[in-house]
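> The structure under discussion is supplied below as structure tokens; questions concerning it will follow.
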Amino acid sequence: MTPLVELTGISKSFVGVKVLDHVDFDVRPGEVHALLGENGAGKSTLIKIIAGVHAADEGEIRIGGEAMKFANPGQAVKAGIAIVYQELLLFPELSVAENIFLNHAPRTGWGGLDWAEMRRKARALLDDLESHHLDVDTKVGSLSVANRQRIEIAKALSQNARVVIMDEPTASLAEGDVQQLMTIIRRLRERGVGIVYVSHKLPEIFALADRVTVLRDGHYVGTKDIKEVTERSLVAMMVGRSIDQLFPKEDAPIGKVLLELRGVSHGKQVRDVSLTLRAGEILGIAGLVGSGRTETALTIFGITPATAGTILIDGKPVQISSPQQARDLGIAYVPEDRGLQGLVRPQTIAENISLTVLKKLARGFIVDRGKEDSLARDFIKRLGIRARGPGQAARQLSGGNQQKVVLAKWLAAEPRILIMDEPTRGIDVGAKSEIHALMSKLAQNGLAILMISSELPEVLGMSDRVLVMNGGRIVAEIARKDATPETVGAAMTLVQEREAAA
Amino acid sequence: MSAAWKNLLLRHETILGVLLVITLIVLAFQSDRFFTADNLLNQGRLMAEVGLVALAMTFVIVTGGIDLSVGSILGLVAILLGVFWQKLGLPLPLAMMLGIVVGGVAGLVNGLIITRFGVPPLIATLATLALYRGLAEGISQARSVRGYPDWFFMLGQGEFLGVPVQLWIFGLCAVIAAVILGLSTFGRATYAIGSNAVAARFSGLSVDRSLLLIYTASGLIAGLAAVIFVSRVSTTRSDMGTGLELDVITAVVLGGTSIFGGRGTIIGTLLGLGLMQALKNGLALAGVKGDGTIVVIGAVLIGTILISNIFRKDADG
């Protein structure tokens, strides 16, 4: 049977970083092909290449056996490829029917829109997806995520899609909706549509997929029939490398408790979180995107102050309602989104590093440029930042060096508690291990480190203890010796009992 | 040529400075009345109010914001100055102080609308532009106030050591503004907020407090400009300062301050102001009609910014 889509030897680089390296992938008619990998493994880039959003640097794409090159997403749509993105791309102010037929609405003889036909066709498509309850005239903005997703699928079918790509379709769905979505996907499969299913959630993959392809760090690891694999072997394929070598965590003397959270909540994202963090300790927090890890960090750091519970520092309860207060209490936060939250990209390295300590660097209210400069030089040497000098603009640095500048900025404030959110996301392997070595050294110097990471090997390799979050709560605490990809992965993907209120 | 020299030469301020000198020379040849001490000092006198407001506006625009209400604040304070003095019978110095304070409060209100309710500055100050002007007109009932005592005209019409008094005030404010924006911790925070407000907040800077201070200062200085304006023209009318915001913003943007925030200097603003005023006056003396002058200023604005962008791209290369 000819595959609907066949990719061979696909490579792609962004600004010199190879994100896909000779990857093979294919989709056959009437199958669900799951695409698996950690964050940053290259899944999104691969599906964007199939959908014509990015062009591959190397390799071949065949559609129904014919070699093709897509110059833009429109051509991919014409070739029968539709993509349902995680962040649904619908127009909230337009009706269901208008959204489905945007761009290819049925026309009347004189070129106007044929509304009756459009509504009739939309109705038929939705009925086909067992969505009899959806009114084609409702504005999309008023619909739930699950319903919007159906509209996206209906839109794909209206364009005669033979391949539907779904990027983390269940990331923000409630359990009941997940079951219905699976029913819809199975119907599509029966009709001969090929489905690419990207998800972190292993139980869904075992329930749905016919085949699985695993990517790791942009490399093709393998394609297996679902019957050949177990949850264990899949995780092993995803994680792959020997953890101990890569992560130079050295033992550090663990001291007294510096930070304690007792039943801290913020809205629905952080629910009743309690934890302790000791001097010299690296405490890892694992969990899926949206599990409440970053939100917990933001609550500790005062961006989204706690609405309930107590935060204690050195055993004393404190109020943290702004990042200034957090900084003055000795808390530092190296954020997840380096470009947006971490760096002032047009400013120089020196100006970035001094941001947290402007007051200390000033004589009167005038910034002491000499001191600022020597502070920057100091950190450039200490952290091995590769730059022309303190006066270089931060945006000109590579990802790893930018991350070091953000770290330097916070180390300049001489914190006692350091929160690192995705400390090595999107940086190359060399810089990665340098940052890991730095973290070890900082812990040895008595800093308490709270590390949030989506990379399981990093969590397992660096942490003294691992907390697993799921649905805004801490669902497991695992000691270093018991932490394995299986134990942590299981806690991460465990489907939570949904609360009645949710 | 070393990189540092090249950078200095290609700076927007340098380009602008060269342009200003060329403009002065050309205009001097066009009219023999242009390049005289009397004329230049008189132009300085006319420029001082726009200039004062432009100093604060530079801060506002460096944060990525805008303050369209400054002209209306000027009108409101001018009217209130007359009302406080003539209707309420307050001593004139107190009326002047109160007027300036009202300007500050008007600016603070702008700041509160922007920071507390997250209204974009363009919209917030567009609304207060109408609001403050409406208040000014309502309070004045289309009557003007005259008959100020002679000492009051010192501020807008007098001279000190041969230089108009308001130029001394403007010079002092310009130095203070340049030091704050260029050298102080507050200035550093202002640039950081304009380049990336989220990162500034995540670095522990008090973004909202800085913005409040800047918009308040913008109102205060518009109030000060109002008092000088009234003193210069010897009368109070409710339409004073109409359209002032556009002159101010033109000067600041001509001076190289990025409307997207994060970049700009007081020196640039001063050069922009100088260039604008020189063109206005010089072209008028050379016999160019008013609408012709506006066309030239518009063309110069687009031209300088294009040139500056071309050089910047090269420098980034």
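Residue numbers start at 1 in each chain; chains themselves are named A, B, ... in the order of the structure tokens; ligands are numbered from 1 in the order shown.
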Please, which residues of stretch 161-330 of chain A, numbered as in this document, come out helix (DSSP H, G or I) from DSSP, as an NGL selection string?
:A and (175-190 or 202-208 or 226-228 or 231-239 or 243-246 or 293-300 or 323-328)
> Pick out the residues sitting within 7 Å of stretch 228-242 of chain A, and hand them over as a ChimeraX atom specification; count only C-alpha atoms, and ignore anything fewer than 2 positions along from it in its own chain.
/A:37-38,202,214-216,221,224-226,244-245,457,485-486
> Those selected residues, please, written with C-alpha atoms and delivered as a PDB file, in the first residue's frame.

ATOM      1  CA  GLY A  37       9.656  12.498  21.750  1.00  0.00           C
ATOM      2  CA  GLU A  38      10.660  14.814  24.537  1.00  0.00           C
ATOM      3  CA  LEU A 202       1.373   7.149  26.640  1.00  0.00           C
ATOM      4  CA  VAL A 214      10.190   8.166  18.242  1.00  0.00           C
ATOM      5  CA  LEU A 215      12.463  11.191  17.793  1.00  0.00           C
ATOM      6  CA  ARG A 216      15.213  12.238  20.152  1.00  0.00           C
ATOM      7  CA  VAL A 221      15.213   6.627  16.762  1.00  0.00           C
ATOM      8  CA  LYS A 224       7.575   0.372  15.674  1.00  0.00           C
ATOM      9  CA  ASP A 225       4.308  -1.419  15.450  1.00  0.00           C
ATOM     10  CA  ILE A 226       2.338  -0.668  18.590  1.00  0.00           C
ATOM     11  CA  ASP A 244      24.872   9.449  34.735  1.00  0.00           C
ATOM     12  CA  GLN A 245      27.570  10.406  32.255  1.00  0.00           C
ATOM     13  CA  PRO A 457      17.047  12.853  31.884  1.00  0.00           C
ATOM     14  CA  PRO A 485      12.051   7.234  33.835  1.00  0.00           C
ATOM     15  CA  GLU A 486       9.283   4.766  34.578  1.00  0.00           C
TER      16      GLU A 486
END
> Looking at A:Leu343, A:Leu355, A:Met439, A:Val270, which one is nearest to A:Glu250, with distances taken over only C-alpha atoms?
A:Met439
> What are the residues of chain A lining chain B at 7 Å or less? Count only C-alpha atoms, and put the answer as a PyMOL selection string.
chain A and resi 323-324+327+340-344+346+355-356+358-359+362+365-367
> Keeping only N, CA, C and O atoms, take the residues you just selected and write them out as an mmCIF file, in the first residue's frame.

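Result file is result34.cif:
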data_model
loop_
_atom_site.group_PDB
_atom_site.id
_atom_site.type_symbol
_atom_site.label_atom_id
_atom_site.label_comp_id
_atom_site.auth_asym_id
_atom_site.auth_seq_id
_atom_site.Cartn_x
_atom_site.Cartn_y
_atom_site.Cartn_z
ATOM 1 N N PRO A 323 8.023 40.627 42.545
ATOM 2 C CA PRO A 323 9.380 40.098 42.344
ATOM 3 C C PRO A 323 10.429 40.862 43.162
ATOM 4 O O PRO A 323 11.414 40.269 43.590
ATOM 5 N N GLN A 324 10.195 42.165 43.411
ATOM 6 C CA GLN A 324 11.154 42.912 44.238
ATOM 7 C C GLN A 324 11.256 42.289 45.616
ATOM 8 O O GLN A 324 12.349 42.102 46.143
ATOM 9 N N ARG A 327 13.122 39.083 45.473
ATOM 10 C CA ARG A 327 14.557 39.302 45.343
ATOM 11 C C ARG A 327 15.160 39.714 46.682
ATOM 12 O O ARG A 327 16.202 39.208 47.091
ATOM 13 N N LEU A 340 11.684 36.455 26.310
ATOM 14 C CA LEU A 340 10.624 37.352 26.760
ATOM 15 C C LEU A 340 10.824 37.763 28.216
ATOM 16 O O LEU A 340 10.731 38.943 28.553
ATOM 17 N N GLN A 341 11.106 36.805 29.088
ATOM 18 C CA GLN A 341 11.121 37.103 30.516
ATOM 19 C C GLN A 341 12.517 37.291 31.084
ATOM 20 O O GLN A 341 12.689 37.881 32.137
ATOM 21 N N GLY A 342 13.509 36.776 30.372
ATOM 22 C CA GLY A 342 14.840 36.766 30.956
ATOM 23 C C GLY A 342 15.714 37.937 30.557
ATOM 24 O O GLY A 342 16.320 38.584 31.396
ATOM 25 N N LEU A 343 15.742 38.233 29.262
ATOM 26 C CA LEU A 343 16.729 39.188 28.766
ATOM 27 C C LEU A 343 16.075 40.447 28.237
ATOM 28 O O LEU A 343 14.984 40.405 27.701
ATOM 29 N N VAL A 344 16.795 41.560 28.371
ATOM 30 C CA VAL A 344 16.442 42.747 27.602
ATOM 31 C C VAL A 344 17.389 42.684 26.411
ATOM 32 O O VAL A 344 18.531 43.101 26.475
ATOM 33 N N PRO A 346 18.009 43.990 23.383
ATOM 34 C CA PRO A 346 18.814 45.031 22.733
ATOM 35 C C PRO A 346 19.903 45.599 23.639
ATOM 36 O O PRO A 346 20.818 46.247 23.154
ATOM 37 N N LEU A 355 20.790 44.649 36.055
ATOM 38 C CA LEU A 355 19.386 44.999 36.286
ATOM 39 C C LEU A 355 18.892 44.657 37.687
ATOM 40 O O LEU A 355 18.109 45.395 38.266
ATOM 41 N N THR A 356 19.362 43.542 38.225
ATOM 42 C CA THR A 356 18.851 43.131 39.530
ATOM 43 C C THR A 356 19.539 43.871 40.673
ATOM 44 O O THR A 356 19.088 43.807 41.805
ATOM 45 N N LEU A 358 20.851 47.248 40.389
ATOM 46 C CA LEU A 358 21.081 48.652 40.019
ATOM 47 C C LEU A 358 21.322 49.527 41.245
ATOM 48 O O LEU A 358 22.240 50.343 41.271
ATOM 49 N N LYS A 359 20.510 49.340 42.263
ATOM 50 C CA LYS A 359 20.621 50.185 43.461
ATOM 51 C C LYS A 359 21.976 50.006 44.115
ATOM 52 O O LYS A 359 22.605 50.964 44.555
ATOM 53 N N ALA A 362 24.887 51.739 42.337
ATOM 54 C CA ALA A 362 24.812 53.181 42.111
ATOM 55 C C ALA A 362 25.565 53.947 43.203
ATOM 56 O O ALA A 362 25.648 53.519 44.342
ATOM 57 N N PHE A 365 22.336 58.270 42.983
ATOM 58 C CA PHE A 365 21.391 57.633 42.065
ATOM 59 C C PHE A 365 21.995 57.464 40.670
ATOM 60 O O PHE A 365 21.304 57.161 39.719
ATOM 61 N N ILE A 366 23.299 57.685 40.585
ATOM 62 C CA ILE A 366 23.977 57.546 39.300
ATOM 63 C C ILE A 366 24.616 56.159 39.216
ATOM 64 O O ILE A 366 25.328 55.739 40.136
ATOM 65 N N VAL A 367 24.336 55.453 38.124
ATOM 66 C CA VAL A 367 24.910 54.120 37.945
ATOM 67 C C VAL A 367 26.432 54.236 37.812
ATOM 68 O O VAL A 367 26.926 55.030 37.012
#
> I want to know what sits within 8 Å of stretch 169-178 of chain A, based on only C-alpha atoms, with residues of the same chain fewer than 5 positions away left out; could you give that as a list of chain:residue names?
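That gives A:Val84, A:Tyr85, A:Gln86, A:Val145, A:Ala146, A:Gln149, A:Val198, A:Ser199, A:Arg498.
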> As a list in words, please: all residues of stretch 12-185 of chain B that backbone DSSP puts in strand (DSSP E).
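The strand (DSSP E) residues within stretch 12-185 of chain B come out as Glu159, Phe160, Val163 and Pro164 of chain B.
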> Expressed in Å to a single decimal, how great is the separation between atom CA of B:Leu285 and atom CA of B:Met47?
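Result for atom CA of B:Leu285 versus atom CA of B:Met47: 16.5 Å, one decimal.
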> I'd like to know which of A:Lys409, A:Arg123, A:Lys12, A:Arg416 is closest to A:Ile331, using only C-alpha atoms.
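Result for the nearest residue to A:Ile331: A:Arg416.
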> Would you mind reading off the distance between atom CA of A:Ile452 and atom CA of A:Ile474, one decimal, in Å?
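Between atom CA of A:Ile452 and atom CA of A:Ile474 the gap works out to 12.9 Å.
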> Find the residues around B:Leu126 up to 12 Å (only C-alpha atoms counted), leave out those fewer than 6 positions away in its own chain, and share them as an MDAnalysis selection string.
chainID B and resid 66:72 110 113:114 119:120 132:133 245
> Pick out the closest residue to A:Lys441 from this set: A:Glu130, A:Glu458, A:Asp251, A:Glu295. Count only C-alpha atoms.
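Distance minimum relative to A:Lys441 lands on A:Asp251.
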> Can you pull out every residue within 12 Å of B:Leu40, counting only C-alpha atoms, but drop anything in the same chain fewer than 3 positions away, and send it as a VMD selection string?
chain B and resid 24 28 33 to 37 43 to 47 163 to 164 167 274 277 to 278 281 to 282
> With only C-alpha atoms as the atoms that count, which of A:Ser398, A:Gln403, A:Ile311, A:Pro253 lies nearest to A:Ile353?
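Residue with the minimum atom-to-atom distance to A:Ile353: A:Gln403.
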> How far is it from atom CA of A:Gln319 to atom CA of A:Leu259, in Å with one decimal?
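Separation between atom CA of A:Gln319 and atom CA of A:Leu259: 12.8 Å.
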> Which residues are near A:Leu312? Cut-off 10 Å, only C-alpha atoms, ignore same chain within fewer than 2 positions. Put them as a ChimeraX atom specification.
/A:257-262,276,310,314-319
> Write out as a ChimeraX atom specification each polymer residue whose atoms come within 9 Å of B:Gly223, counting only C-alpha atoms; drop sequence neighbours fewer than 6 positions from it.
/B:70,73-78,96,99-104
